[in-house]
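J.: Take a look at protein.csv, CSV, C-alpha atoms and all ligand atoms:
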```
chain,number,residue,atom,x,y,z
F,1,MET,CA,69.2,86.5,76.9
F,2,ARG,CA,72.4,85.4,78.4
F,3,THR,CA,72.9,81.7,79.1
F,4,ILE,CA,74.8,80.9,82.3
F,5,THR,CA,75.7,77.5,83.6
F,6,LEU,CA,74.4,76.8,87.1
F,7,ILE,CA,75.9,73.9,88.9
F,8,ASN,CA,73.4,73.5,91.7
F,9,GLY,CA,75.5,71.2,93.9
F,10,ASP,CA,74.2,69.0,96.7
F,11,GLY,CA,73.6,69.3,100.4
F,12,ILE,CA,72.3,72.9,100.8
F,13,GLY,CA,73.4,73.6,97.2
F,14,PRO,CA,69.9,73.2,95.6
F,15,GLU,CA,68.2,75.4,98.3
F,16,ILE,CA,70.6,78.3,98.0
F,17,SER,CA,70.7,78.0,94.2
F,18,ALA,CA,66.9,78.3,94.1
F,19,SER,CA,67.0,81.3,96.4
F,20,VAL,CA,69.6,83.1,94.2
F,21,MET,CA,67.8,82.3,90.9
F,22,LYS,CA,64.6,83.7,92.4
F,23,ILE,CA,66.2,86.9,93.6
F,24,ILE,CA,67.9,87.5,90.2
F,25,LYS,CA,64.6,86.9,88.4
F,26,ALA,CA,62.8,89.3,90.7
F,27,SER,CA,65.5,92.0,90.0
F,28,GLY,CA,64.2,92.0,86.4
F,29,LEU,CA,67.3,90.4,84.8
F,30,GLU,CA,66.4,87.4,82.6
F,31,ILE,CA,69.0,84.7,82.6
F,32,ASP,CA,68.7,81.4,80.7
F,33,TRP,CA,70.1,79.0,83.4
F,34,ASP,CA,71.8,75.9,82.0
F,35,ILE,CA,71.3,73.8,85.1
F,36,GLN,CA,73.9,71.1,85.5
F,37,THR,CA,74.0,68.4,88.2
F,38,ALA,CA,77.3,67.0,89.6
F,39,GLY,CA,78.5,65.1,92.6
F,40,ALA,CA,77.6,61.9,94.4
F,41,ASP,CA,74.0,61.8,93.2
F,42,VAL,CA,75.0,61.6,89.5
F,43,ILE,CA,77.5,58.8,89.9
F,44,LYS,CA,74.8,56.1,89.9
F,45,SER,CA,73.3,57.3,86.6
F,46,GLU,CA,76.4,58.6,84.8
F,47,GLY,CA,79.3,56.7,86.4
F,48,THR,CA,81.2,59.9,87.3
F,49,PRO,CA,80.6,62.8,89.8
F,50,LEU,CA,81.7,65.3,87.1
F,51,PRO,CA,80.2,64.3,83.7
F,52,GLU,CA,81.8,65.8,80.6
F,53,ARG,CA,78.5,67.7,79.9
F,54,VAL,CA,79.2,69.9,82.9
F,55,ILE,CA,82.6,70.9,81.7
F,56,GLN,CA,81.3,71.4,78.1
F,57,SER,CA,78.5,73.6,79.4
F,58,VAL,CA,80.9,75.9,81.3
F,59,ARG,CA,83.3,75.9,78.2
F,60,LYS,CA,80.4,77.0,76.0
F,61,ASN,CA,78.8,79.6,78.3
F,62,LYS,CA,82.2,80.8,79.7
F,63,ILE,CA,80.5,81.7,83.0
F,64,ALA,CA,79.1,79.5,85.8
F,65,LEU,CA,77.6,80.0,89.2
F,66,LYS,CA,78.4,77.0,91.3
F,67,ALA,CA,76.9,75.8,94.6
F,68,PRO,CA,78.9,73.5,96.8
F,69,VAL,CA,79.4,69.8,96.0
F,70,THR,CA,80.2,67.2,98.7
F,71,THR,CA,83.6,65.4,98.6
F,72,PRO,CA,84.0,62.2,100.5
F,73,ILE,CA,86.8,62.3,103.1
F,74,GLY,CA,89.6,59.7,103.1
F,75,LYS,CA,88.2,57.6,100.3
F,76,GLY,CA,85.8,57.8,97.3
F,77,PHE,CA,85.9,60.1,94.3
F,78,ARG,CA,88.3,63.0,93.8
F,79,SER,CA,86.8,66.5,94.6
F,80,VAL,CA,84.5,67.7,91.8
F,81,ASN,CA,85.6,71.2,92.7
F,82,VAL,CA,89.3,70.4,92.2
F,83,GLN,CA,88.6,68.4,89.0
F,84,LEU,CA,86.5,71.3,87.6
F,85,ARG,CA,89.2,73.9,88.4
F,86,LYS,CA,91.7,71.6,86.7
F,87,ALA,CA,89.7,70.7,83.6
F,88,LEU,CA,89.0,74.4,82.9
F,89,ASP,CA,92.3,75.6,84.1
F,90,LEU,CA,90.7,78.0,86.5
F,91,TYR,CA,94.0,78.9,88.0
F,92,ALA,CA,93.1,81.9,90.2
F,93,ASN,CA,90.8,81.6,93.2
F,94,VAL,CA,89.8,85.1,94.3
F,95,ARG,CA,88.1,85.6,97.7
F,96,PRO,CA,87.3,89.1,98.6
F,97,CYS,CA,86.7,89.6,102.3
F,98,LYS,CA,85.0,92.7,103.4
F,99,ASN,CA,82.6,93.5,106.3
F,100,LEU,CA,78.9,93.4,105.6
F,101,PRO,CA,76.4,95.7,107.1
F,102,ASN,CA,75.0,94.8,110.6
F,103,ILE,CA,77.1,91.7,110.9
F,104,LYS,CA,79.1,92.3,114.1
F,105,THR,CA,82.6,90.9,114.1
F,106,ARG,CA,85.7,91.7,116.1
F,107,PHE,CA,87.0,94.0,113.4
F,108,SER,CA,84.7,96.5,111.5
F,109,ASP,CA,87.0,97.6,108.7
F,110,VAL,CA,88.3,94.4,107.1
F,111,ASP,CA,88.8,94.8,103.4
F,112,LEU,CA,91.3,92.3,101.9
F,113,VAL,CA,91.4,89.9,99.1
F,114,VAL,CA,92.8,86.4,99.1
F,115,VAL,CA,94.3,85.3,95.7
F,116,ARG,CA,94.9,81.6,95.9
F,117,GLU,CA,96.7,79.5,93.3
F,118,ASN,CA,94.3,76.8,92.2
F,119,THR,CA,96.0,74.1,90.2
F,120,GLU,CA,99.0,72.7,92.0
F,121,ASP,CA,100.7,72.4,95.4
F,122,LEU,CA,99.6,69.5,97.6
F,123,TYR,CA,96.2,69.8,95.9
F,124,ALA,CA,97.7,68.1,92.8
F,125,GLY,CA,96.6,64.9,94.7
F,126,VAL,CA,99.9,63.1,93.9
F,127,GLU,CA,100.0,60.6,96.8
F,128,GLU,CA,101.3,57.1,97.3
F,129,MET,CA,101.6,54.6,100.0
F,130,VAL,CA,105.3,53.8,100.3
F,131,ASP,CA,104.6,50.9,102.6
F,132,GLU,CA,101.6,50.2,104.7
F,133,ASN,CA,102.8,52.6,107.4
F,134,THR,CA,104.1,55.5,105.3
F,135,ALA,CA,102.2,57.8,102.9
F,136,HIS,CA,103.8,60.4,100.7
F,137,SER,CA,102.0,63.4,99.3
F,138,ILE,CA,103.9,65.4,96.8
F,139,LYS,CA,103.9,69.2,96.8
F,140,ILE,CA,104.2,70.5,93.3
F,141,ILE,CA,105.2,74.1,92.7
F,142,THR,CA,106.2,75.3,89.3
F,143,ARG,CA,107.6,78.6,88.1
F,144,SER,CA,105.0,79.0,85.4
F,145,ALA,CA,102.0,78.6,87.7
F,146,SER,CA,103.6,80.7,90.4
F,147,GLU,CA,104.4,83.6,88.0
F,148,ARG,CA,100.9,83.3,86.5
F,149,ILE,CA,99.1,83.7,89.9
F,150,CYS,CA,101.4,86.4,91.1
F,151,LYS,CA,100.8,88.3,87.8
F,152,PHE,CA,97.1,87.8,88.4
F,153,ALA,CA,97.3,89.3,91.9
F,154,PHE,CA,99.2,92.4,90.7
F,155,GLU,CA,96.8,92.9,87.8
F,156,TYR,CA,93.9,92.5,90.3
F,157,ALA,CA,95.5,95.1,92.6
F,158,LEU,CA,95.9,97.5,89.7
F,159,ASN,CA,92.4,97.1,88.3
F,160,ASN,CA,90.7,97.3,91.7
F,161,GLY,CA,92.6,100.3,93.1
F,162,ARG,CA,94.6,98.3,95.7
F,163,GLY,CA,98.0,99.4,96.8
F,164,GLU,CA,99.8,96.3,98.1
F,165,VAL,CA,100.3,92.6,97.3
F,166,CYS,CA,101.7,90.4,100.0
F,167,ALA,CA,103.3,87.0,99.2
F,168,VAL,CA,102.6,84.2,101.7
F,169,SER,CA,104.8,81.2,102.0
F,170,LYS,CA,106.8,78.9,104.3
F,171,ALA,CA,110.0,79.4,102.4
F,172,ASN,CA,112.1,79.2,105.5
F,173,ILE,CA,111.3,75.5,105.7
F,174,MET,CA,110.3,74.5,102.2
F,175,LYS,CA,113.2,76.3,100.7
F,176,LEU,CA,112.8,74.8,97.2
F,177,SER,CA,109.1,74.7,96.6
F,178,ASP,CA,107.9,77.7,98.6
F,179,GLY,CA,111.3,79.3,97.7
F,180,LEU,CA,110.4,79.0,94.0
F,181,PHE,CA,107.0,80.6,94.7
F,182,LEU,CA,108.7,83.5,96.5
F,183,GLU,CA,111.3,84.0,93.8
F,184,SER,CA,108.5,84.1,91.1
F,185,PHE,CA,106.7,86.7,93.2
F,186,ARG,CA,109.8,88.9,93.4
F,187,ASP,CA,110.4,88.6,89.6
F,188,VAL,CA,106.8,89.5,88.7
F,189,ALA,CA,106.7,92.4,91.2
F,190,LYS,CA,109.5,94.1,89.3
F,191,ASN,CA,106.9,94.8,86.5
F,192,TYR,CA,104.6,96.6,89.0
F,193,PRO,CA,106.6,99.3,90.7
F,194,GLN,CA,103.5,101.2,91.5
F,195,ILE,CA,102.2,98.4,93.8
F,196,LYS,CA,103.9,97.9,97.2
F,197,THR,CA,105.0,94.4,98.2
F,198,LYS,CA,105.2,92.5,101.4
F,199,GLU,CA,106.4,89.0,102.2
F,200,ILE,CA,105.2,87.0,105.2
F,201,LEU,CA,105.4,83.4,106.5
F,202,VAL,CA,102.0,81.7,106.7
F,203,ASP,CA,102.1,81.0,110.4
F,204,ASN,CA,102.9,84.7,111.2
F,205,LEU,CA,100.2,85.8,108.8
F,206,CYS,CA,97.5,83.7,110.7
F,207,MET,CA,98.6,85.3,114.0
F,208,GLN,CA,98.6,88.8,112.5
F,209,LEU,CA,95.2,88.3,110.7
F,210,VAL,CA,93.4,87.5,114.0
F,211,GLN,CA,95.2,90.4,115.8
F,212,ASP,CA,94.7,93.1,113.1
F,213,PRO,CA,93.4,92.1,109.6
F,214,THR,CA,93.2,95.7,108.5
F,215,LYS,CA,97.0,95.7,107.9
F,216,PHE,CA,96.5,93.5,104.8
F,217,ASP,CA,95.3,94.3,101.3
F,218,VAL,CA,95.9,91.6,98.6
F,219,LEU,CA,97.4,88.3,99.7
F,220,VAL,CA,98.8,85.8,97.1
F,221,LEU,CA,99.3,82.2,98.3
F,222,PRO,CA,100.0,78.7,97.0
F,223,ASN,CA,97.0,76.5,97.0
F,224,LEU,CA,96.9,74.8,100.4
F,225,TYR,CA,97.8,77.9,102.4
F,226,GLY,CA,95.2,79.8,100.4
F,227,ASP,CA,92.6,77.2,101.2
F,228,ILE,CA,93.2,77.5,105.0
F,229,VAL,CA,93.8,81.3,105.2
F,230,SER,CA,90.6,82.0,103.2
F,231,ASP,CA,88.5,80.2,105.7
F,232,LEU,CA,90.2,82.2,108.4
F,233,THR,CA,89.4,85.4,106.6
F,234,ALA,CA,85.8,84.3,106.1
F,235,GLY,CA,85.6,84.0,109.8
F,236,LEU,CA,86.7,87.6,110.2
F,237,ILE,CA,83.6,88.9,108.4
F,238,GLY,CA,80.9,86.6,109.8
F,239,GLY,CA,81.7,83.1,108.8
F,240,LEU,CA,81.2,80.8,105.8
F,241,GLY,CA,77.6,81.8,105.2
F,242,VAL,CA,78.8,85.2,103.8
F,243,ALA,CA,82.1,84.4,102.2
F,244,GLN,CA,82.2,84.7,98.4
F,245,GLY,CA,84.7,83.5,95.9
F,246,ALA,CA,85.5,83.1,92.2
F,247,ASN,CA,87.7,80.7,90.2
F,248,ILE,CA,89.0,82.5,87.1
F,249,GLY,CA,91.0,81.2,84.1
F,250,GLU,CA,91.9,82.7,80.7
F,251,ASP,CA,88.7,81.5,79.1
F,252,CYS,CA,86.1,80.8,81.8
F,253,ALA,CA,85.1,81.9,85.3
F,254,VAL,CA,83.2,79.9,87.9
F,255,PHE,CA,81.8,81.9,90.8
F,256,GLU,CA,81.3,79.8,94.0
F,257,PRO,CA,81.1,80.4,97.7
F,258,VAL,CA,83.9,79.4,100.1
F,259,HIS,CA,81.6,77.2,102.1
F,260,GLY,CA,80.8,73.6,101.5
F,261,SER,CA,77.6,71.6,101.2
F,262,ALA,CA,76.7,71.9,104.9
F,263,PRO,CA,75.1,68.4,105.2
F,264,ASP,CA,74.3,69.1,108.8
F,265,ILE,CA,71.6,71.6,107.8
F,266,LYS,CA,70.6,70.2,104.4
F,267,GLY,CA,66.8,70.3,103.6
F,268,GLN,CA,66.0,72.3,106.8
F,269,ASN,CA,65.3,75.7,105.2
F,270,LYS,CA,68.1,77.1,107.4
F,271,ALA,CA,70.9,77.7,104.9
F,272,ASN,CA,72.2,81.2,104.3
F,273,PRO,CA,72.1,82.1,100.6
F,274,THR,CA,74.2,85.3,101.1
F,275,ALA,CA,77.6,83.9,100.0
F,276,LEU,CA,76.1,82.5,96.8
F,277,LEU,CA,74.2,85.7,96.2
F,278,LEU,CA,77.4,87.7,96.7
F,279,CYS,CA,79.1,85.4,94.1
F,280,ALA,CA,76.2,86.1,91.8
F,281,VAL,CA,76.6,89.8,92.3
F,282,GLU,CA,80.3,89.6,91.4
F,283,MET,CA,79.4,87.4,88.4
F,284,LEU,CA,77.0,90.0,87.2
F,285,LYS,CA,79.6,92.7,87.5
F,286,PHE,CA,82.1,90.4,85.6
F,287,ILE,CA,79.7,90.1,82.7
F,288,GLY,CA,78.9,93.9,82.7
F,289,GLU,CA,75.4,93.7,84.3
F,290,ASN,CA,76.5,96.4,86.8
F,291,SER,CA,73.1,98.0,87.4
F,292,TYR,CA,71.5,94.7,88.3
F,293,ALA,CA,74.5,93.7,90.4
F,294,GLN,CA,74.2,97.0,92.4
F,295,LYS,CA,70.4,96.6,92.8
F,296,ILE,CA,70.8,93.1,94.2
F,297,GLU,CA,73.7,94.1,96.5
F,298,ASN,CA,71.7,97.1,97.8
F,299,ALA,CA,68.7,94.9,98.5
F,300,LEU,CA,70.9,92.3,100.3
F,301,PHE,CA,72.6,95.0,102.4
F,302,LYS,CA,69.2,96.6,103.3
F,303,THR,CA,67.9,93.2,104.4
F,304,LEU,CA,70.9,92.6,106.7
F,305,SER,CA,70.6,96.2,108.0
F,306,ASN,CA,67.0,95.5,108.8
F,307,ASN,CA,68.3,92.7,111.0
F,308,ILE,CA,66.8,89.9,108.8
F,309,LYS,CA,69.4,87.2,109.2
F,310,THR,CA,69.6,83.4,109.0
F,311,ALA,CA,70.5,81.3,112.0
F,312,ASP,CA,74.2,81.1,111.2
F,313,LEU,CA,74.3,84.9,111.8
F,314,GLY,CA,72.3,84.7,115.0
F,315,GLY,CA,69.0,85.5,113.2
F,316,LEU,CA,65.6,83.8,113.0
F,317,ALA,CA,64.9,83.9,109.3
F,318,SER,CA,64.6,80.7,107.2
F,319,THR,CA,66.2,80.6,103.8
F,320,ASP,CA,62.8,81.3,102.2
F,321,GLU,CA,62.0,84.2,104.6
F,322,PHE,CA,65.5,85.7,103.9
F,323,THR,CA,65.0,85.3,100.2
F,324,ASP,CA,61.6,87.0,100.2
F,325,ALA,CA,63.0,89.9,102.3
F,326,VAL,CA,65.8,90.5,99.8
F,327,ILE,CA,63.2,90.5,97.0
F,328,SER,CA,61.0,92.9,98.8
F,329,ASN,CA,64.0,95.3,99.2
F,330,LEU,CA,64.9,95.2,95.5
T,1,LIG,P1,80.8,73.4,105.3
T,1,LIG,O1,81.2,74.7,104.8
T,1,LIG,O2,79.8,72.6,104.5
T,1,LIG,O3,80.1,73.5,106.7
T,1,LIG,C1,80.9,74.0,107.9
T,1,LIG,C2,79.8,74.6,108.9
T,1,LIG,O4,79.3,75.9,108.4
T,1,LIG,C3,78.6,73.7,109.1
T,1,LIG,O5,78.2,73.8,110.4
T,1,LIG,C4,77.6,74.3,108.2
T,1,LIG,O6,76.2,74.1,108.6
T,1,LIG,C5,77.9,75.8,108.2
T,1,LIG,N1,77.6,76.5,106.9
T,1,LIG,C6,78.3,76.4,105.8
T,1,LIG,N2,77.7,77.1,104.8
T,1,LIG,C7,76.6,77.6,105.3
T,1,LIG,C8,75.5,78.4,104.8
T,1,LIG,N3,75.5,78.8,103.6
T,1,LIG,N4,74.5,78.8,105.7
T,1,LIG,C9,74.5,78.4,107.0
T,1,LIG,N5,75.5,77.6,107.5
T,1,LIG,C10,76.5,77.2,106.7
T,1,LIG,O7,82.1,72.6,105.5
T,1,LIG,P2,82.3,71.0,105.8
T,1,LIG,O8,81.3,70.5,106.7
T,1,LIG,O9,83.8,70.9,106.1
T,1,LIG,O10,82.1,70.3,104.4
T,1,LIG,C11,81.0,69.7,103.9
T,1,LIG,C12,81.2,69.1,102.5
T,1,LIG,O11,81.4,70.2,101.6
T,1,LIG,C13,82.5,68.3,102.4
T,1,LIG,O12,82.2,67.2,101.6
T,1,LIG,C14,83.4,69.2,101.6
T,1,LIG,O13,84.4,68.5,100.9
T,1,LIG,C15,82.5,70.0,100.8
T,1,LIG,N6,83.0,71.3,100.4
T,1,LIG,C16,82.7,71.7,99.1
T,1,LIG,C17,83.2,72.9,98.7
T,1,LIG,C18,82.8,73.4,97.3
T,1,LIG,O14,82.0,72.7,96.7
T,1,LIG,N7,83.3,74.5,96.8
T,1,LIG,C19,84.0,73.8,99.5
T,1,LIG,C20,84.2,73.3,100.8
T,1,LIG,C21,83.8,72.1,101.2
```
Can I see the file as structure tokens?
T.:
Amino acid sequence: MRTITLINGDGIGPEISASVMKIIKASGLEIDWDIQTAGADVIKSEGTPLPERVIQSVRKNKIALKAPVTTPIGKGFRSVNVQLRKALDLYANVRPCKNLPNIKTRFSDVDLVVVRENTEDLYAGVEEMVDENTAHSIKIITRSASERICKFAFEYALNNGRGEVCAVSKANIMKLSDGLFLESFRDVAKNYPQIKTKEILVDNLCMQLVQDPTKFDVLVLPNLYGDIVSDLTAGLIGGLGVAQGANIGEDCAVFEPVHGSAPDIKGQNKANPTALLLCAVEMLKFIGENSYAQKIENALFKTLSNNIKTADLGGLASTDEFTDAVISNL
């Protein structure tokens, strides 16, 4: 039996984790879940929101499914998500964005992938108060990390039958940092003559995405633009409740939804488990459990097609009712 780390998160994390584990079990696939807690709740007992045991568990099992963990705004501990990505060098954040059945959105044929650099940029968290009225945040862009993520994007395109990779930057203003990212993209692109390339400024990209997202295929972005643009693209297919993602490194992969811990609906049996379930489906494909992945995806799509939806998608189903409906469609 395969052991997989499950970081069950906080807020709605435990609810959607329970739903996904129940669905996978009902599909007939036995997984030995190594359940790891992290976040604010473990600080009291272990003195840190991300104990070493969590990192060790992912290192050992190589694969993790992760529910969201709350990050305090403005003060408090550094994001567990950012720390985990850094500790395991999960340098590529991949967020496929494709319409789901029976979820009406402005565009019906969105099929793009956001590949976001995960380790540097303003996310490096290098900040200082210069004086009491001035704060500096340092944007770090390196050639090695930029080339690595661009190579990942081109390889992803090749392996997934995609024809174009578009580099997103603001190199007209940040000529050195974003300029280096763009230069790295152009260098890497030379090795992939079979894939078309495009370059776009991030502000123009946002405008074009809301006008016609079908023009885009694979997007590769530095960390902060990737963060923002992937929420925008999540909105194009029905919102955060259905947007999946994965953080991939050389040795390990952590599959986690785009959305956060949704404290506003915590414990109310309202959370949509779809995004985490889609992450689990991708995770199962990643480890070669394709038939179970397909079975679960079919059951999910059938459930949505039967108009069983949670409140975020305009439906009436609770988390439990939605989970049971997916199970009955397996
Ligand atoms: P959020 O994604 O938690 O919530 C935004 C809105 O979407 C809320 O109205 C929420 O109810 C709704 N929503 C999100 N996921 C949903 C789901 N599965 N089903 C139904 N409705 C859903 O974003 P917010 O409020 O900005 O962040 C809350 C906390 O989550 C913060 O502490 C943030 O730092 C953290 N966060 C953690 C992430 C992670 O662990 N990977 C990612 C993003 C945010």
J.: Using only C-alpha atoms and all ligand atoms, which residue out of F:Thr71, F:Gln268, F:Thr274, F:Thr37 lies closest to ligand LIG 1 (chain T)?
T.: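 With only C-alpha atoms and all ligand atoms as the atom set, the closest residue is F:Thr71.
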J.: Which chain F residues have any atom within 6 Å of an atom of ligand LIG 1 (chain T), and for each, what is the nearest pair of atoms with distance in Å to one decimal, counting all atoms listed in the file, rows sorted by chain and number, as CSV?
T.:
```
residue,atom,partner,partner_atom,distance
F:Pro68,CA,T:LIG1,O14,3.2
F:Val69,CA,T:LIG1,O14,4.0
F:Thr70,CA,T:LIG1,O12,3.5
F:Thr71,CA,T:LIG1,O12,3.8
F:Pro72,CA,T:LIG1,O12,5.4
F:Asn81,CA,T:LIG1,O14,5.6
F:Leu240,CA,T:LIG1,N2,5.2
F:Gly241,CA,T:LIG1,N3,4.0
F:Val258,CA,T:LIG1,C19,5.6
F:His259,CA,T:LIG1,O1,3.7
F:Gly260,CA,T:LIG1,O2,3.3
F:Ser261,CA,T:LIG1,O11,4.1
F:Ala262,CA,T:LIG1,O2,3.2
F:Asp264,CA,T:LIG1,O6,5.4
F:Ile265,CA,T:LIG1,O6,5.3
F:Ala271,CA,T:LIG1,N4,3.8
F:Asn272,CA,T:LIG1,N4,3.6
F:Pro273,CA,T:LIG1,N3,5.6
F:Asp312,CA,T:LIG1,C9,5.0
```
J.: What is the distance between CA of Thr233 in chain F and CA of Ser79 in chain F, in Å to one decimal?
T.: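 Computing it gives 22.5 Å between the two atoms.
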J.: Set the distance at 12 Å and use only C-alpha atoms: which residues neighbour Met207 in chain F once local chain neighbours fewer than 6 positions away are removed? I'd like the list as a list in words.
T.: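 Answer for this query is Ile200, Leu201, Pro213, Val229, Leu232 and Thr233 of chain F.
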J.: Skipping near chain neighbours, those fewer than 3 positions away, what residues fall within 10 Å of range 47-55 of chain F using only C-alpha atoms, listed as a PyMOL selection string?
T.: chain F and resi 5-7+34-44+58-60+69-71+77-81+83-85+87-88
J.: Please produce a file of those selected residues containing C-alpha atoms, as an mmCIF file, keeping the file's coordinate frame.
T.:
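Result file part.cif:
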```cif
data_model
loop_
_atom_site.group_PDB
_atom_site.id
_atom_site.type_symbol
_atom_site.label_atom_id
_atom_site.label_comp_id
_atom_site.auth_asym_id
_atom_site.auth_seq_id
_atom_site.Cartn_x
_atom_site.Cartn_y
_atom_site.Cartn_z
ATOM 1 C CA THR F 5 75.700 77.500 83.600
ATOM 2 C CA LEU F 6 74.400 76.800 87.100
ATOM 3 C CA ILE F 7 75.900 73.900 88.900
ATOM 4 C CA ASP F 34 71.800 75.900 82.000
ATOM 5 C CA ILE F 35 71.300 73.800 85.100
ATOM 6 C CA GLN F 36 73.900 71.100 85.500
ATOM 7 C CA THR F 37 74.000 68.400 88.200
ATOM 8 C CA ALA F 38 77.300 67.000 89.600
ATOM 9 C CA GLY F 39 78.500 65.100 92.600
ATOM 10 C CA ALA F 40 77.600 61.900 94.400
ATOM 11 C CA ASP F 41 74.000 61.800 93.200
ATOM 12 C CA VAL F 42 75.000 61.600 89.500
ATOM 13 C CA ILE F 43 77.500 58.800 89.900
ATOM 14 C CA LYS F 44 74.800 56.100 89.900
ATOM 15 C CA VAL F 58 80.900 75.900 81.300
ATOM 16 C CA ARG F 59 83.300 75.900 78.200
ATOM 17 C CA LYS F 60 80.400 77.000 76.000
ATOM 18 C CA VAL F 69 79.400 69.800 96.000
ATOM 19 C CA THR F 70 80.200 67.200 98.700
ATOM 20 C CA THR F 71 83.600 65.400 98.600
ATOM 21 C CA PHE F 77 85.900 60.100 94.300
ATOM 22 C CA ARG F 78 88.300 63.000 93.800
ATOM 23 C CA SER F 79 86.800 66.500 94.600
ATOM 24 C CA VAL F 80 84.500 67.700 91.800
ATOM 25 C CA ASN F 81 85.600 71.200 92.700
ATOM 26 C CA GLN F 83 88.600 68.400 89.000
ATOM 27 C CA LEU F 84 86.500 71.300 87.600
ATOM 28 C CA ARG F 85 89.200 73.900 88.400
ATOM 29 C CA ALA F 87 89.700 70.700 83.600
ATOM 30 C CA LEU F 88 89.000 74.400 82.900
#
```
J.: Counting all atoms listed in the file, what is within 12 Å of Val94 in chain F, bar same-chain residues fewer than 6 positions away, as a PyMOL selection string?
T.: chain F and resi 112-118+149+152-153+156-157+218-221+223+226-227+230+243-249+253-258+279+282
J.: Those residues you just picked out, can you put them in a file as a PDB file, in the coordinates of the input with C-alpha atoms?
T.:
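Written out: again03.pdb:
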```pdb
ATOM      1  CA  LEU F 112      91.300  92.300 101.900  1.00  0.00           C
ATOM      2  CA  VAL F 113      91.400  89.900  99.100  1.00  0.00           C
ATOM      3  CA  VAL F 114      92.800  86.400  99.100  1.00  0.00           C
ATOM      4  CA  VAL F 115      94.300  85.300  95.700  1.00  0.00           C
ATOM      5  CA  ARG F 116      94.900  81.600  95.900  1.00  0.00           C
ATOM      6  CA  GLU F 117      96.700  79.500  93.300  1.00  0.00           C
ATOM      7  CA  ASN F 118      94.300  76.800  92.200  1.00  0.00           C
ATOM      8  CA  ILE F 149      99.100  83.700  89.900  1.00  0.00           C
ATOM      9  CA  PHE F 152      97.100  87.800  88.400  1.00  0.00           C
ATOM     10  CA  ALA F 153      97.300  89.300  91.900  1.00  0.00           C
ATOM     11  CA  TYR F 156      93.900  92.500  90.300  1.00  0.00           C
ATOM     12  CA  ALA F 157      95.500  95.100  92.600  1.00  0.00           C
ATOM     13  CA  VAL F 218      95.900  91.600  98.600  1.00  0.00           C
ATOM     14  CA  LEU F 219      97.400  88.300  99.700  1.00  0.00           C
ATOM     15  CA  VAL F 220      98.800  85.800  97.100  1.00  0.00           C
ATOM     16  CA  LEU F 221      99.300  82.200  98.300  1.00  0.00           C
ATOM     17  CA  ASN F 223      97.000  76.500  97.000  1.00  0.00           C
ATOM     18  CA  GLY F 226      95.200  79.800 100.400  1.00  0.00           C
ATOM     19  CA  ASP F 227      92.600  77.200 101.200  1.00  0.00           C
ATOM     20  CA  SER F 230      90.600  82.000 103.200  1.00  0.00           C
ATOM     21  CA  ALA F 243      82.100  84.400 102.200  1.00  0.00           C
ATOM     22  CA  GLN F 244      82.200  84.700  98.400  1.00  0.00           C
ATOM     23  CA  GLY F 245      84.700  83.500  95.900  1.00  0.00           C
ATOM     24  CA  ALA F 246      85.500  83.100  92.200  1.00  0.00           C
ATOM     25  CA  ASN F 247      87.700  80.700  90.200  1.00  0.00           C
ATOM     26  CA  ILE F 248      89.000  82.500  87.100  1.00  0.00           C
ATOM     27  CA  GLY F 249      91.000  81.200  84.100  1.00  0.00           C
ATOM     28  CA  ALA F 253      85.100  81.900  85.300  1.00  0.00           C
ATOM     29  CA  VAL F 254      83.200  79.900  87.900  1.00  0.00           C
ATOM     30  CA  PHE F 255      81.800  81.900  90.800  1.00  0.00           C
ATOM     31  CA  GLU F 256      81.300  79.800  94.000  1.00  0.00           C
ATOM     32  CA  PRO F 257      81.100  80.400  97.700  1.00  0.00           C
ATOM     33  CA  VAL F 258      83.900  79.400 100.100  1.00  0.00           C
ATOM     34  CA  CYS F 279      79.100  85.400  94.100  1.00  0.00           C
ATOM     35  CA  GLU F 282      80.300  89.600  91.400  1.00  0.00           C
TER      36      GLU F 282
END
```
J.: I need the residue nearest Pro222 in chain F from this list: F:Ala92, F:Cys252, F:Val188, F:Lys196. Use all atoms listed in the file for the distance.
T.: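 Ranking F:Ala92, F:Cys252, F:Val188, F:Lys196 by distance to Pro222 in chain F, first place goes to F:Ala92.
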J.: Using only C-alpha atoms, determine which residues lie at most 8 Å from Gly163 in chain F, disregarding the query and same-chain residues fewer than 2 positions distant; provide the list as a PyMOL selection string.
T.: chain F and resi 157-158+161+165+194-196+217
J.: Under the rule that all atoms listed in the file are counted, which of F:Asp10, F:Asp320, F:Glu297, F:Glu199 is the nearest residue to Cys166 in chain F?
T.: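 Selected residue with least distance to Cys166 in chain F: F:Glu199.
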